[in-house]
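For reference, target-v1.pdb (PDB, C-alpha atoms):
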ATOM      1  CA  MET A1120     -62.516 -92.114  -3.375
ATOM      2  CA  PRO A1121     -58.764 -92.898  -3.311
ATOM      3  CA  VAL A1122     -57.149 -94.260  -0.162
ATOM      4  CA  PHE A1123     -53.759 -92.931   0.988
ATOM      5  CA  ILE A1124     -51.245 -94.050   3.589
ATOM      6  CA  VAL A1125     -50.257 -90.986   5.601
ATOM      7  CA  THR A1126     -47.136 -91.198   7.758
ATOM      8  CA  LEU A1127     -47.160 -88.572  10.496
ATOM      9  CA  SER A1128     -43.664 -87.907  11.828
ATOM     10  CA  GLU A1129     -42.084 -85.859  14.555
ATOM     11  CA  ARG A1130     -38.719 -84.358  13.724
ATOM     12  CA  GLN A1131     -37.007 -84.637  10.396
ATOM     13  CA  LEU A1132     -35.202 -87.809  11.450
ATOM     14  CA  LEU A1133     -38.483 -89.717  11.839
ATOM     15  CA  SER A1134     -37.791 -90.382  15.503
ATOM     16  CA  ASP A1135     -41.468 -90.989  16.186
ATOM     17  CA  ARG A1136     -43.908 -91.855  13.426
ATOM     18  CA  VAL A1137     -47.246 -93.514  12.867
ATOM     19  CA  ASN A1138     -49.221 -94.507   9.767
ATOM     20  CA  PHE A1139     -52.875 -93.853   9.053
ATOM     21  CA  GLN A1140     -55.041 -95.016   6.166
ATOM     22  CA  VAL A1141     -57.026 -91.998   5.046
ATOM     23  CA  GLU A1142     -59.705 -91.738   2.380
ATOM     24  CA  ALA A1143     -59.576 -88.328   0.676
ATOM     25  CA  GLU A1144     -60.006 -86.664  -2.700
ATOM     26  CA  THR A1145     -56.280 -85.846  -3.013
ATOM     27  CA  ALA A1146     -52.986 -86.699  -1.354
ATOM     28  CA  GLU A1147     -52.741 -83.101  -0.112
ATOM     29  CA  ALA A1148     -56.180 -83.352   1.513
ATOM     30  CA  ALA A1149     -55.219 -86.643   3.199
ATOM     31  CA  GLY A1150     -52.032 -85.141   4.591
ATOM     32  CA  GLN A1151     -53.714 -81.979   5.772
ATOM     33  CA  LEU A1152     -56.454 -83.991   7.506
ATOM     34  CA  VAL A1153     -53.828 -85.793   9.609
ATOM     35  CA  LEU A1154     -51.916 -82.592  10.370
ATOM     36  CA  ASP A1155     -55.145 -80.878  11.436
ATOM     37  CA  ALA A1156     -55.980 -83.809  13.720
ATOM     38  CA  THR A1157     -52.630 -83.565  15.510
ATOM     39  CA  ALA A1158     -52.513 -81.547  18.714
ATOM     40  CA  ASP A1159     -50.385 -78.398  18.508
ATOM     41  CA  GLU A1160     -48.688 -79.134  21.808
ATOM     42  CA  ALA A1161     -47.970 -82.113  24.039
ATOM     43  CA  ASN A1162     -50.503 -82.767  26.825
ATOM     44  CA  GLU A1163     -49.725 -82.903  30.557
ATOM     45  CA  SER A1164     -48.332 -86.438  30.099
ATOM     46  CA  GLY A1165     -45.847 -85.212  27.503
ATOM     47  CA  LEU A1166     -47.707 -86.907  24.638
ATOM     48  CA  ARG A1167     -49.047 -85.270  21.474
ATOM     49  CA  PRO A1168     -52.513 -86.769  20.791
ATOM     50  CA  VAL A1169     -53.752 -87.434  17.255
ATOM     51  CA  HIS A1170     -57.463 -88.117  16.707
ATOM     52  CA  LEU A1171     -58.779 -88.397  13.150
ATOM     53  CA  PRO A1172     -62.454 -87.722  12.363
ATOM     54  CA  ASP A1173     -62.977 -91.395  11.407
ATOM     55  CA  GLY A1174     -61.940 -92.527  14.906
ATOM     56  CA  GLN A1175     -58.306 -93.478  14.274
ATOM     57  CA  LYS A1176     -56.180 -92.194  17.128
ATOM     58  CA  THR A1177     -52.726 -92.458  18.636
ATOM     59  CA  VAL A1178     -50.119 -90.326  20.374
ATOM     60  CA  LEU A1179     -46.629 -89.135  19.509
ATOM     61  CA  GLU A1180     -43.943 -88.821  22.164
ATOM     62  CA  PRO A1181     -42.420 -85.515  21.040
ATOM     63  CA  GLU A1182     -39.787 -84.805  23.719
ATOM     64  CA  ASN A1183     -39.572 -81.014  23.397
ATOM     65  CA  VAL A1184     -40.513 -80.865  19.716
ATOM     66  CA  SER A1185     -42.254 -77.776  18.383
ATOM     67  CA  GLY A1186     -45.247 -77.883  16.042
ATOM     68  CA  THR A1187     -43.084 -76.941  13.081
ATOM     69  CA  GLU A1188     -41.268 -80.246  13.374
ATOM     70  CA  ILE A1189     -44.360 -82.298  12.562
ATOM     71  CA  SER A1190     -44.674 -83.482   8.973
ATOM     72  CA  VAL A1191     -46.604 -85.955   6.849
ATOM     73  CA  SER A1192     -45.579 -88.103   3.934
ATOM     74  CA  VAL A1193     -48.526 -89.288   1.819
ATOM     75  CA  ARG A1194     -48.429 -92.378  -0.405
ATOM     76  CA  PRO A1195     -51.186 -94.051  -2.431
ATOM     77  CA  ALA A1196     -52.361 -97.177  -0.575
ATOM     78  CA  ASP A1197     -51.957 -99.257  -3.743
ATOM     79  CA  GLU A1198     -48.425 -97.902  -4.351
ATOM     80  CA  PRO A1199     -46.807 -97.590  -0.892
ATOM     81  CA  GLN A1200     -43.299 -96.861  -2.243
ATOM     82  CA  ALA A1201     -44.426 -93.796  -4.226
ATOM     83  CA  VAL A1202     -44.500 -90.592  -2.218
ATOM     84  CA  ALA A1203     -47.329 -88.414  -3.562
ATOM     85  CA  VAL A1204     -46.728 -85.356  -1.388
ATOM     86  CA  GLU A1205     -44.930 -84.226   1.753
ATOM     87  CA  ILE A1206     -46.258 -81.455   3.970
ATOM     88  CA  GLY A1207     -44.585 -79.839   6.956
ATOM     89  CA  ALA A1208     -40.966 -79.918   8.060
ATOM     90  CA  GLY A1209     -38.673 -81.020   5.297
ATOM     91  CA  TRP A1210     -35.113 -81.284   4.206
ATOM     92  CA  HIS A1211     -33.292 -78.509   2.448
ATOM     93  CA  LEU A1212     -30.262 -79.566   0.451
ATOM     94  CA  ASP A1213     -27.782 -76.808  -0.154
ATOM     95  CA  LEU A1214     -25.572 -78.484  -2.761
ATOM     96  CA  THR A1215     -24.185 -77.335  -6.080
ATOM     97  CA  ALA A1216     -25.114 -79.314  -9.186
ATOM     98  CA  ALA A1217     -21.572 -80.770  -9.279
ATOM     99  CA  GLU A1218     -21.808 -81.904  -5.627
ATOM    100  CA  ALA A1219     -25.189 -83.477  -6.287
ATOM    101  CA  ARG A1220     -23.821 -85.360  -9.315
ATOM    102  CA  ARG A1221     -20.957 -86.780  -7.201
ATOM    103  CA  LEU A1222     -23.288 -87.905  -4.403
ATOM    104  CA  LEU A1223     -26.006 -89.390  -6.624
ATOM    105  CA  PRO A1224     -24.145 -92.651  -7.515
ATOM    106  CA  VAL A1225     -23.510 -93.343  -3.813
ATOM    107  CA  LEU A1226     -27.202 -93.038  -3.004
ATOM    108  CA  THR A1227     -28.198 -95.035  -6.054
ATOM    109  CA  GLY A1228     -26.096 -97.922  -4.709
ATOM    110  CA  ALA A1229     -27.781 -97.640  -1.309
ATOM    111  CA  VAL A1230     -31.234 -97.777  -2.926
ATOM    112  CA  VAL A1231     -30.625-101.268  -4.338
ATOM    113  CA  ASP A1232     -29.516-102.639  -0.951
ATOM    114  CA  GLU A1233     -32.819-104.050   0.268
ATOM    115  CA  ASP A1234     -31.503-105.424   3.587
ATOM    116  CA  ASP A1235     -32.836-102.285   5.240
ATOM    117  CA  PRO A1236     -36.036-101.188   3.449
ATOM    118  CA  HIS A1237     -36.330 -97.945   5.435
ATOM    119  CA  THR A1238     -32.816 -96.855   4.483
ATOM    120  CA  SER A1239     -33.421 -97.913   0.901
ATOM    121  CA  ALA A1240     -36.641 -95.865   0.689
ATOM    122  CA  LEU A1241     -34.985 -92.848   2.324
ATOM    123  CA  CYS A1242     -32.030 -93.038  -0.060
ATOM    124  CA  ALA A1243     -34.423 -93.288  -3.015
ATOM    125  CA  ARG A1244     -36.167 -90.115  -1.859
ATOM    126  CA  LEU A1245     -32.874 -88.311  -1.366
ATOM    127  CA  ALA A1246     -31.620 -89.558  -4.743
ATOM    128  CA  ARG A1247     -34.692 -88.036  -6.445
ATOM    129  CA  GLN A1248     -33.936 -84.692  -4.786
ATOM    130  CA  LEU A1249     -30.270 -84.927  -5.790
ATOM    131  CA  ALA A1250     -31.210 -85.764  -9.382
ATOM    132  CA  ASN A1251     -33.200 -82.538  -9.526
ATOM    133  CA  LEU A1252     -30.272 -80.560  -8.101
ATOM    134  CA  ALA A1253     -27.804 -82.235 -10.465
ATOM    135  CA  GLN A1254     -29.574 -80.873 -13.553
TER     136      GLN A1254
END
In structure tokens, how does this file's structure come out?
Amino acid sequence: MPVFIVTLSERQLLSDRVNFQVEAETAEAAGQLVLDATADEANESGLRPVHLPDGQKTVLEPENVSGTEISVSVRPADEPQAVAVEIGAGWHLDLTAAEARRLLPVLTGAVVDEDDPHTSALCARLARQLANLAQ
């Protein structure tokens, strides 16, 4: 069975996130397993517990975050830069095709700057979305 890396995040800005390695038939199933294992609300300590069926567990510190602001990004374990699926809160870009075409070269430049791998990966994801809008 394939193994996926599932990043569970609170908020769209990834202010609190944790990775799990999950064995599942599909990326969607891996992501849904982690979402289902995440508590709907914070506990009395203000923490949102996560307990996977295989025993992996952690907590998120949500700070007044609602359940709709929890999301997962699922990547194949053998290809950690390739996002297979995202489930939950997401970004919505409201740009015209012309605006997307103007912004795409800026993001493409940011992708090649590997001094900050998180920014590079985020810009690559945004660049893929812009490329779709630019068509």
**Message:** Need to verify the contact set: Ala1158 in chain A, 7 Å, all atoms listed in the file, exclusion of same-chain residues closer than 5 positions in sequence. Can you return it as a PyMOL selection string?
**Reply:** chain A and resi 1167-1169
Output C-alpha atoms of each residue in that selection to a file, as a PDB file, keeping the file's coordinate frame.
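Writing the result to out-v1.pdb gives the following:
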ATOM      1  CA  ARG A1167     -49.047 -85.270  21.474  1.00  0.00           C
ATOM      2  CA  PRO A1168     -52.513 -86.769  20.791  1.00  0.00           C
ATOM      3  CA  VAL A1169     -53.752 -87.434  17.255  1.00  0.00           C
TER       4      VAL A1169
END
What residues come out when you apply the PyMOL selection byres ((chain A and resi 1170) around 12) to this file, written as a compact mmCIF listing (two decimals) with C-alpha atoms, keeping the file's coordinate frame?
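Writing done, so here's part.txt:
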# COMPACT_ATOMS: atom_id res chain seq x y z
CA PHE A 1139 -52.88 -93.85 9.05
CA LEU A 1152 -56.45 -83.99 7.51
CA VAL A 1153 -53.83 -85.79 9.61
CA LEU A 1154 -51.92 -82.59 10.37
CA ASP A 1155 -55.14 -80.88 11.44
CA ALA A 1156 -55.98 -83.81 13.72
CA THR A 1157 -52.63 -83.56 15.51
CA ALA A 1158 -52.51 -81.55 18.71
CA ARG A 1167 -49.05 -85.27 21.47
CA PRO A 1168 -52.51 -86.77 20.79
CA VAL A 1169 -53.75 -87.43 17.26
CA LEU A 1171 -58.78 -88.40 13.15
CA PRO A 1172 -62.45 -87.72 12.36
CA ASP A 1173 -62.98 -91.40 11.41
CA GLY A 1174 -61.94 -92.53 14.91
CA GLN A 1175 -58.31 -93.48 14.27
CA LYS A 1176 -56.18 -92.19 17.13
CA THR A 1177 -52.73 -92.46 18.64
CA VAL A 1178 -50.12 -90.33 20.37
CA LEU A 1179 -46.63 -89.14 19.51
Please identify every residue of range 1128-1166 of chain A that has at least one atom no farther than 10 Å from an atom of range 1188-1205 of chain A, counting all atoms listed in the file, and for each give the shortest atom pair and the distance in Å to one decimal, arranged by chain then increasing number, as a tab-separated table.
residue	atom	partner	partner_atom	distance
A:Ser1128	CA	A:Ser1190	CA	5.4
A:Glu1129	CA	A:Ile1189	CA	4.7
A:Arg1130	CA	A:Glu1188	CA	4.9
A:Gln1131	CA	A:Glu1188	CA	6.8
A:Leu1132	CA	A:Glu1188	CA	9.9
A:Leu1133	CA	A:Ser1190	CA	9.2
A:Asp1135	CA	A:Ile1189	CA	9.9
A:Arg1136	CA	A:Val1191	CA	9.2
A:Val1137	CA	A:Val1191	CA	9.7
A:Asn1138	CA	A:Ser1192	CA	9.4
A:Phe1139	CA	A:Val1193	CA	9.6
A:Gln1140	CA	A:Ala1196	CA	7.6
A:Val1141	CA	A:Ala1196	CA	9.0
A:Glu1142	CA	A:Ala1196	CA	9.6
A:Thr1145	CA	A:Ala1203	CA	9.3
A:Ala1146	CA	A:Val1193	CA	6.1
A:Glu1147	CA	A:Val1204	CA	6.5
A:Ala1148	CA	A:Val1193	CA	9.7
A:Ala1149	CA	A:Val1193	CA	7.3
A:Gly1150	CA	A:Val1191	CA	5.9
A:Gln1151	CA	A:Val1191	CA	8.2
A:Val1153	CA	A:Val1191	CA	7.7
A:Leu1154	CA	A:Val1191	CA	7.2
A:Thr1157	CA	A:Ile1189	CA	8.9
A:Asp1159	CA	A:Ile1189	CA	9.3
**Request:** Take the PyMOL selection byres ((chain A and resi 1221-1226) around 7), apply it to the structure above, and return the hits as a PyMOL selection string.
**Result:** chain A and resi 1217-1220+1227-1230+1242+1246+1249-1250
**Asked** Interatomic distance between CA of Val1122 in chain A and CA of Gly1207 in chain A?
**Response** 20.4 Å
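Note that CA of Val1125 in chain A and CA of Leu1214 in chain A are 28.9 Å apart.
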**Asked** What is the CA of Glu1144 in chain A to CA of Asn1251 in chain A distance in Å?
**Response** 28.0 Å
Output as a PDB file, in the frame of the given file: range 1156-1169 of chain A, completed with N, CA, C and O atoms.
ATOM      1  N   ALA A1156     -55.522 -82.975  12.606  1.00  0.00           N
ATOM      2  CA  ALA A1156     -55.980 -83.809  13.720  1.00  0.00           C
ATOM      3  C   ALA A1156     -54.919 -83.989  14.800  1.00  0.00           C
ATOM      4  O   ALA A1156     -55.173 -84.602  15.827  1.00  0.00           O
ATOM      5  N   THR A1157     -53.742 -83.437  14.565  1.00  0.00           N
ATOM      6  CA  THR A1157     -52.630 -83.565  15.510  1.00  0.00           C
ATOM      7  C   THR A1157     -52.607 -82.361  16.444  1.00  0.00           C
ATOM      8  O   THR A1157     -52.642 -81.217  15.989  1.00  0.00           O
ATOM      9  N   ALA A1158     -52.549 -82.636  17.734  1.00  0.00           N
ATOM     10  CA  ALA A1158     -52.513 -81.547  18.714  1.00  0.00           C
ATOM     11  C   ALA A1158     -51.295 -80.658  18.478  1.00  0.00           C
ATOM     12  O   ALA A1158     -50.225 -81.143  18.114  1.00  0.00           O
ATOM     13  N   ASP A1159     -51.477 -79.351  18.699  1.00  0.00           N
ATOM     14  CA  ASP A1159     -50.385 -78.398  18.508  1.00  0.00           C
ATOM     15  C   ASP A1159     -49.278 -78.567  19.534  1.00  0.00           C
ATOM     16  O   ASP A1159     -48.114 -78.315  19.253  1.00  0.00           O
ATOM     17  N   GLU A1160     -49.651 -78.995  20.717  1.00  0.00           N
ATOM     18  CA  GLU A1160     -48.688 -79.134  21.808  1.00  0.00           C
ATOM     19  C   GLU A1160     -48.875 -80.475  22.500  1.00  0.00           C
ATOM     20  O   GLU A1160     -49.930 -81.094  22.402  1.00  0.00           O
ATOM     21  N   ALA A1161     -47.857 -80.892  23.228  1.00  0.00           N
ATOM     22  CA  ALA A1161     -47.970 -82.113  24.039  1.00  0.00           C
ATOM     23  C   ALA A1161     -48.923 -81.852  25.205  1.00  0.00           C
ATOM     24  O   ALA A1161     -49.031 -80.726  25.694  1.00  0.00           O
ATOM     25  N   ASN A1162     -49.609 -82.902  25.674  1.00  0.00           N
ATOM     26  CA  ASN A1162     -50.503 -82.767  26.825  1.00  0.00           C
ATOM     27  C   ASN A1162     -49.704 -82.865  28.125  1.00  0.00           C
ATOM     28  O   ASN A1162     -48.472 -82.935  28.106  1.00  0.00           O
ATOM     29  N   GLU A1163     -50.403 -82.890  29.250  1.00  0.00           N
ATOM     30  CA  GLU A1163     -49.725 -82.903  30.557  1.00  0.00           C
ATOM     31  C   GLU A1163     -48.868 -84.153  30.759  1.00  0.00           C
ATOM     32  O   GLU A1163     -47.953 -84.156  31.576  1.00  0.00           O
ATOM     33  N   SER A1164     -49.135 -85.210  30.011  1.00  0.00           N
ATOM     34  CA  SER A1164     -48.332 -86.438  30.099  1.00  0.00           C
ATOM     35  C   SER A1164     -47.120 -86.404  29.179  1.00  0.00           C
ATOM     36  O   SER A1164     -46.363 -87.370  29.106  1.00  0.00           O
ATOM     37  N   GLY A1165     -46.974 -85.313  28.429  1.00  0.00           N
ATOM     38  CA  GLY A1165     -45.847 -85.212  27.503  1.00  0.00           C
ATOM     39  C   GLY A1165     -46.098 -85.874  26.167  1.00  0.00           C
ATOM     40  O   GLY A1165     -45.180 -86.066  25.385  1.00  0.00           O
ATOM     41  N   LEU A1166     -47.356 -86.238  25.890  1.00  0.00           N
ATOM     42  CA  LEU A1166     -47.707 -86.907  24.638  1.00  0.00           C
ATOM     43  C   LEU A1166     -48.488 -85.946  23.742  1.00  0.00           C
ATOM     44  O   LEU A1166     -49.244 -85.108  24.210  1.00  0.00           O
ATOM     45  N   ARG A1167     -48.313 -86.084  22.447  1.00  0.00           N
ATOM     46  CA  ARG A1167     -49.047 -85.270  21.474  1.00  0.00           C
ATOM     47  C   ARG A1167     -50.155 -86.149  20.885  1.00  0.00           C
ATOM     48  O   ARG A1167     -49.890 -87.027  20.070  1.00  0.00           O
ATOM     49  N   PRO A1168     -51.424 -85.936  21.289  1.00  0.00           N
ATOM     50  CA  PRO A1168     -52.513 -86.769  20.791  1.00  0.00           C
ATOM     51  C   PRO A1168     -52.861 -86.479  19.331  1.00  0.00           C
ATOM     52  O   PRO A1168     -52.749 -85.348  18.868  1.00  0.00           O
ATOM     53  N   VAL A1169     -53.274 -87.530  18.636  1.00  0.00           N
ATOM     54  CA  VAL A1169     -53.752 -87.434  17.255  1.00  0.00           C
ATOM     55  C   VAL A1169     -55.077 -88.180  17.209  1.00  0.00           C
ATOM     56  O   VAL A1169     -55.137 -89.357  17.568  1.00  0.00           O
TER      57      VAL A1169
END
